[in-house]
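A.B. asks: Sending over run-v9.pdb (PDB, C-alpha atoms).
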```pdb
ATOM      1  CA  MET H 187     122.809  33.288  69.033
ATOM      2  CA  ARG H 188     120.081  32.382  71.466
ATOM      3  CA  GLN H 189     121.085  35.249  73.760
ATOM      4  CA  MET H 190     120.852  37.665  70.850
ATOM      5  CA  TYR H 191     117.386  36.386  70.018
ATOM      6  CA  VAL H 192     116.282  36.755  73.649
ATOM      7  CA  LYS H 193     117.767  40.278  73.767
ATOM      8  CA  ARG H 194     115.808  41.278  70.633
ATOM      9  CA  GLN H 195     112.644  39.867  72.135
ATOM     10  CA  ASP H 196     113.280  41.798  75.350
ATOM     11  CA  ASP H 197     113.930  44.992  73.369
ATOM     12  CA  THR H 198     110.789  44.441  71.309
ATOM     13  CA  LEU H 199     108.757  43.755  74.440
ATOM     14  CA  GLY H 200     110.201  46.936  75.968
ATOM     15  CA  VAL H 201     109.069  48.949  72.942
ATOM     16  CA  ILE H 202     105.628  47.305  73.046
ATOM     17  CA  SER H 203     105.406  48.005  76.784
ATOM     18  CA  GLY H 204     106.305  51.667  76.227
ATOM     19  CA  THR H 205     103.745  51.938  73.440
ATOM     20  CA  LEU H 206     101.072  50.368  75.631
ATOM     21  CA  SER H 207     101.906  52.779  78.452
ATOM     22  CA  THR H 208     101.556  55.688  76.048
ATOM     23  CA  LEU H 209      98.218  54.337  74.803
ATOM     24  CA  VAL H 210      96.947  53.887  78.367
ATOM     25  CA  SER H 211      97.965  57.464  79.162
ATOM     26  CA  GLN H 212      96.264  58.796  76.016
ATOM     27  CA  ALA H 213      93.143  56.759  76.755
ATOM     28  CA  GLY H 214      93.046  58.315  80.227
ATOM     29  CA  LEU H 215      93.347  61.808  78.763
ATOM     30  CA  ILE H 216      90.638  61.061  76.207
ATOM     31  CA  GLY H 217      88.398  59.704  78.958
ATOM     32  CA  GLN H 218      88.971  62.853  81.005
ATOM     33  CA  GLU H 219      88.181  65.065  78.007
ATOM     34  CA  VAL H 220      85.015  63.094  77.280
ATOM     35  CA  GLY H 221      83.989  63.525  80.925
ATOM     36  CA  GLU H 222      84.554  67.284  80.744
ATOM     37  CA  GLN H 223      82.673  67.548  77.462
ATOM     38  CA  SER H 224      79.824  65.581  79.010
ATOM     39  CA  GLU H 225      79.718  68.045  81.915
ATOM     40  CA  TYR H 226      79.712  70.981  79.489
ATOM     41  CA  ALA H 227      76.909  69.379  77.513
ATOM     42  CA  SER H 228      74.915  68.901  80.698
ATOM     43  CA  VAL H 229      75.402  72.563  81.643
ATOM     44  CA  LEU H 230      74.396  73.660  78.142
ATOM     45  CA  ARG H 231      71.236  71.523  78.280
ATOM     46  CA  THR H 232      70.343  73.126  81.611
ATOM     47  CA  LEU H 233      70.943  76.612  80.198
ATOM     48  CA  VAL H 234      68.830  75.870  77.134
ATOM     49  CA  LYS H 235      65.973  74.661  79.358
ATOM     50  CA  LEU H 236      66.278  77.773  81.529
ATOM     51  CA  MET H 237      66.297  80.050  78.499
ATOM     52  CA  GLY H 238      63.234  78.236  77.154
ATOM     53  CA  ARG H 239      61.411  78.869  80.424
ATOM     54  CA  MET H 240      62.482  82.507  80.377
ATOM     55  CA  LEU H 241      61.226  82.920  76.808
ATOM     56  CA  ASP H 242      57.925  81.261  77.726
ATOM     57  CA  ASP H 243      57.576  83.637  80.683
ATOM     58  CA  LEU H 244      58.405  86.631  78.480
ATOM     59  CA  ASP H 245      55.858  85.475  75.888
ATOM     60  CA  THR H 246      53.198  85.180  78.593
ATOM     61  CA  ARG H 247      54.006  88.650  79.942
ATOM     62  CA  VAL H 248      53.958  90.197  76.465
ATOM     63  CA  ASP H 249      50.574  88.575  75.762
ATOM     64  CA  HIS H 250      49.232  89.876  79.090
ATOM     65  CA  THR H 251      50.560  93.395  78.402
ATOM     66  CA  ASP H 252      49.119  93.306  74.871
ATOM     67  CA  SER H 253      45.710  92.323  76.256
ATOM     68  CA  LYS H 254      45.818  95.142  78.809
ATOM     69  CA  LEU H 255      46.861  97.646  76.135
ATOM     70  CA  ARG H 256      44.044  96.556  73.795
ATOM     71  CA  ARG H 257      41.502  96.763  76.641
ATOM     72  CA  THR H 258      42.735 100.233  77.657
ATOM     73  CA  THR H 259      42.707 101.445  74.040
ATOM     74  CA  ARG H 260      39.159 100.143  73.608
ATOM     75  CA  GLN H 261      38.069 101.866  76.842
ATOM     76  CA  LEU H 262      39.707 105.136  75.758
ATOM     77  CA  ASN H 263      38.010 104.969  72.346
ATOM     78  CA  ASP H 264      34.675 104.281  74.054
ATOM     79  CA  PHE H 265      35.241 107.254  76.351
ATOM     80  CA  ILE H 266      36.102 109.528  73.418
ATOM     81  CA  ARG H 267      33.086 108.322  71.435
ATOM     82  CA  LYS H 268      30.722 108.926  74.404
ATOM     83  CA  ASN H 269      32.120 112.398  75.034
ATOM     84  CA  GLU H 270      32.490 113.626  71.433
ATOM     85  CA  SER H 271      29.503 115.907  71.816
ATOM     86  CA  GLU H 272      31.221 117.763  74.670
ATOM     87  CA  LEU H 273      34.614 117.877  72.937
ATOM     88  CA  PRO H 274      33.929 121.124  70.964
ATOM     89  CA  LEU H 275      32.888 122.825  74.210
ATOM     90  CA  LEU H 276      36.124 121.807  75.876
ATOM     91  CA  GLN H 277      38.191 122.994  72.908
ATOM     92  CA  GLY H 278      36.551 126.408  72.962
ATOM     93  CA  THR H 279      37.360 127.079  76.632
ATOM     94  CA  ASP H 280      41.139 127.088  76.397
ATOM     95  CA  GLY H 281      41.695 130.291  74.610
TER      96      GLY H 281
END
```
Can you turn what I pasted into structure tokens?

C.D. replies:
Amino acid sequence: MRQMYVKRQDDTLGVISGTLSTLVSQAGLIGQEVGEQSEYASVLRTLVKLMGRMLDDLDTRVDHTDSKLRRTTRQLNDFIRKNESELPLLQGTDG
């Protein structure tokens, strides 16, 4: 009887040991996955920062180009306004 009881305990401990081994293995896999996800998150944060800088640079360049275009348009309008009196003379010479 006692041997049977000891055998059951051994069998139960064997099952528990196997279950614990499985859990340790799964915990290792989960830890590895968490590590990989953490690396991916770090890469994504870096990309987001880089894209933010690129957008800021683009915004600055667009503002600069807009300013240059407005200045050039204003200068062209000033030129046209100053030379309107000569414009009819120029139009009459081409044909």

A.B. asks: Could you check how far atom CA of Lys254 of chain H sits from atom CA of Met237 of chain H, in Å to one decimal?

C.D. replies: 25.4 Å

A.B. asks: Enclose the full set of atoms of segment 221-240 of chain H listed in the file within a box whose edges lie along x, y and z, apply 5 Å of padding to each of the six sides, and report centre and edge lengths in Å to one decimal as JSON.

C.D. replies:
```
{"center_x": 73.0, "center_y": 73.0, "center_z": 79.5, "size_x": 33.1, "size_y": 29.0, "size_z": 14.8}
```

A.B. asks: Any idea what the distance is between atom CA of Gly214 of chain H and atom CA of Val229 of chain H?

C.D. replies: 22.7 Å

A.B. asks: Rounded to one decimal in Å, what is the spacing between atom CA of Val248 of chain H and atom CA of Arg267 of chain H?

C.D. replies: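 That distance, rounded to one decimal, is 28.1 Å.
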
A.B. asks: Have segment 260-271 of chain H completed to N, CA, C and O atoms, please, and pass it along as a tab-separated table (two decimals), keeping the file's coordinate frame.

C.D. replies:
```tsv
chain	number	residue	atom	x	y	z
H	260	ARG	N	40.60	100.26	73.87
H	260	ARG	CA	39.16	100.14	73.61
H	260	ARG	C	38.37	101.03	74.58
H	260	ARG	O	37.44	101.74	74.18
H	261	GLN	N	38.76	101.03	75.86
H	261	GLN	CA	38.07	101.87	76.84
H	261	GLN	C	38.26	103.34	76.52
H	261	GLN	O	37.31	104.13	76.64
H	262	LEU	N	39.45	103.74	76.12
H	262	LEU	CA	39.71	105.14	75.76
H	262	LEU	C	38.89	105.54	74.54
H	262	LEU	O	38.29	106.63	74.52
H	263	ASN	N	38.83	104.67	73.54
H	263	ASN	CA	38.01	104.97	72.35
H	263	ASN	C	36.53	105.07	72.71
H	263	ASN	O	35.82	105.94	72.20
H	264	ASP	N	36.07	104.20	73.59
H	264	ASP	CA	34.67	104.28	74.05
H	264	ASP	C	34.43	105.60	74.78
H	264	ASP	O	33.42	106.26	74.57
H	265	PHE	N	35.37	106.00	75.62
H	265	PHE	CA	35.24	107.25	76.35
H	265	PHE	C	35.18	108.44	75.38
H	265	PHE	O	34.34	109.33	75.52
H	266	ILE	N	36.08	108.44	74.40
H	266	ILE	CA	36.10	109.53	73.42
H	266	ILE	C	34.79	109.56	72.64
H	266	ILE	O	34.19	110.63	72.44
H	267	ARG	N	34.33	108.39	72.20
H	267	ARG	CA	33.09	108.32	71.44
H	267	ARG	C	31.90	108.85	72.27
H	267	ARG	O	31.06	109.59	71.78
H	268	LYS	N	31.83	108.50	73.54
H	268	LYS	CA	30.72	108.93	74.40
H	268	LYS	C	30.77	110.42	74.71
H	268	LYS	O	29.75	111.04	74.97
H	269	ASN	N	31.97	110.99	74.66
H	269	ASN	CA	32.12	112.40	75.03
H	269	ASN	C	32.43	113.30	73.85
H	269	ASN	O	32.82	114.45	74.04
H	270	GLU	N	32.22	112.81	72.62
H	270	GLU	CA	32.49	113.63	71.43
H	270	GLU	C	31.61	114.86	71.39
H	270	GLU	O	32.04	115.92	70.94
H	271	SER	N	30.41	114.75	71.87
H	271	SER	CA	29.50	115.91	71.82
H	271	SER	C	30.00	117.03	72.72
H	271	SER	O	29.75	118.21	72.42
```
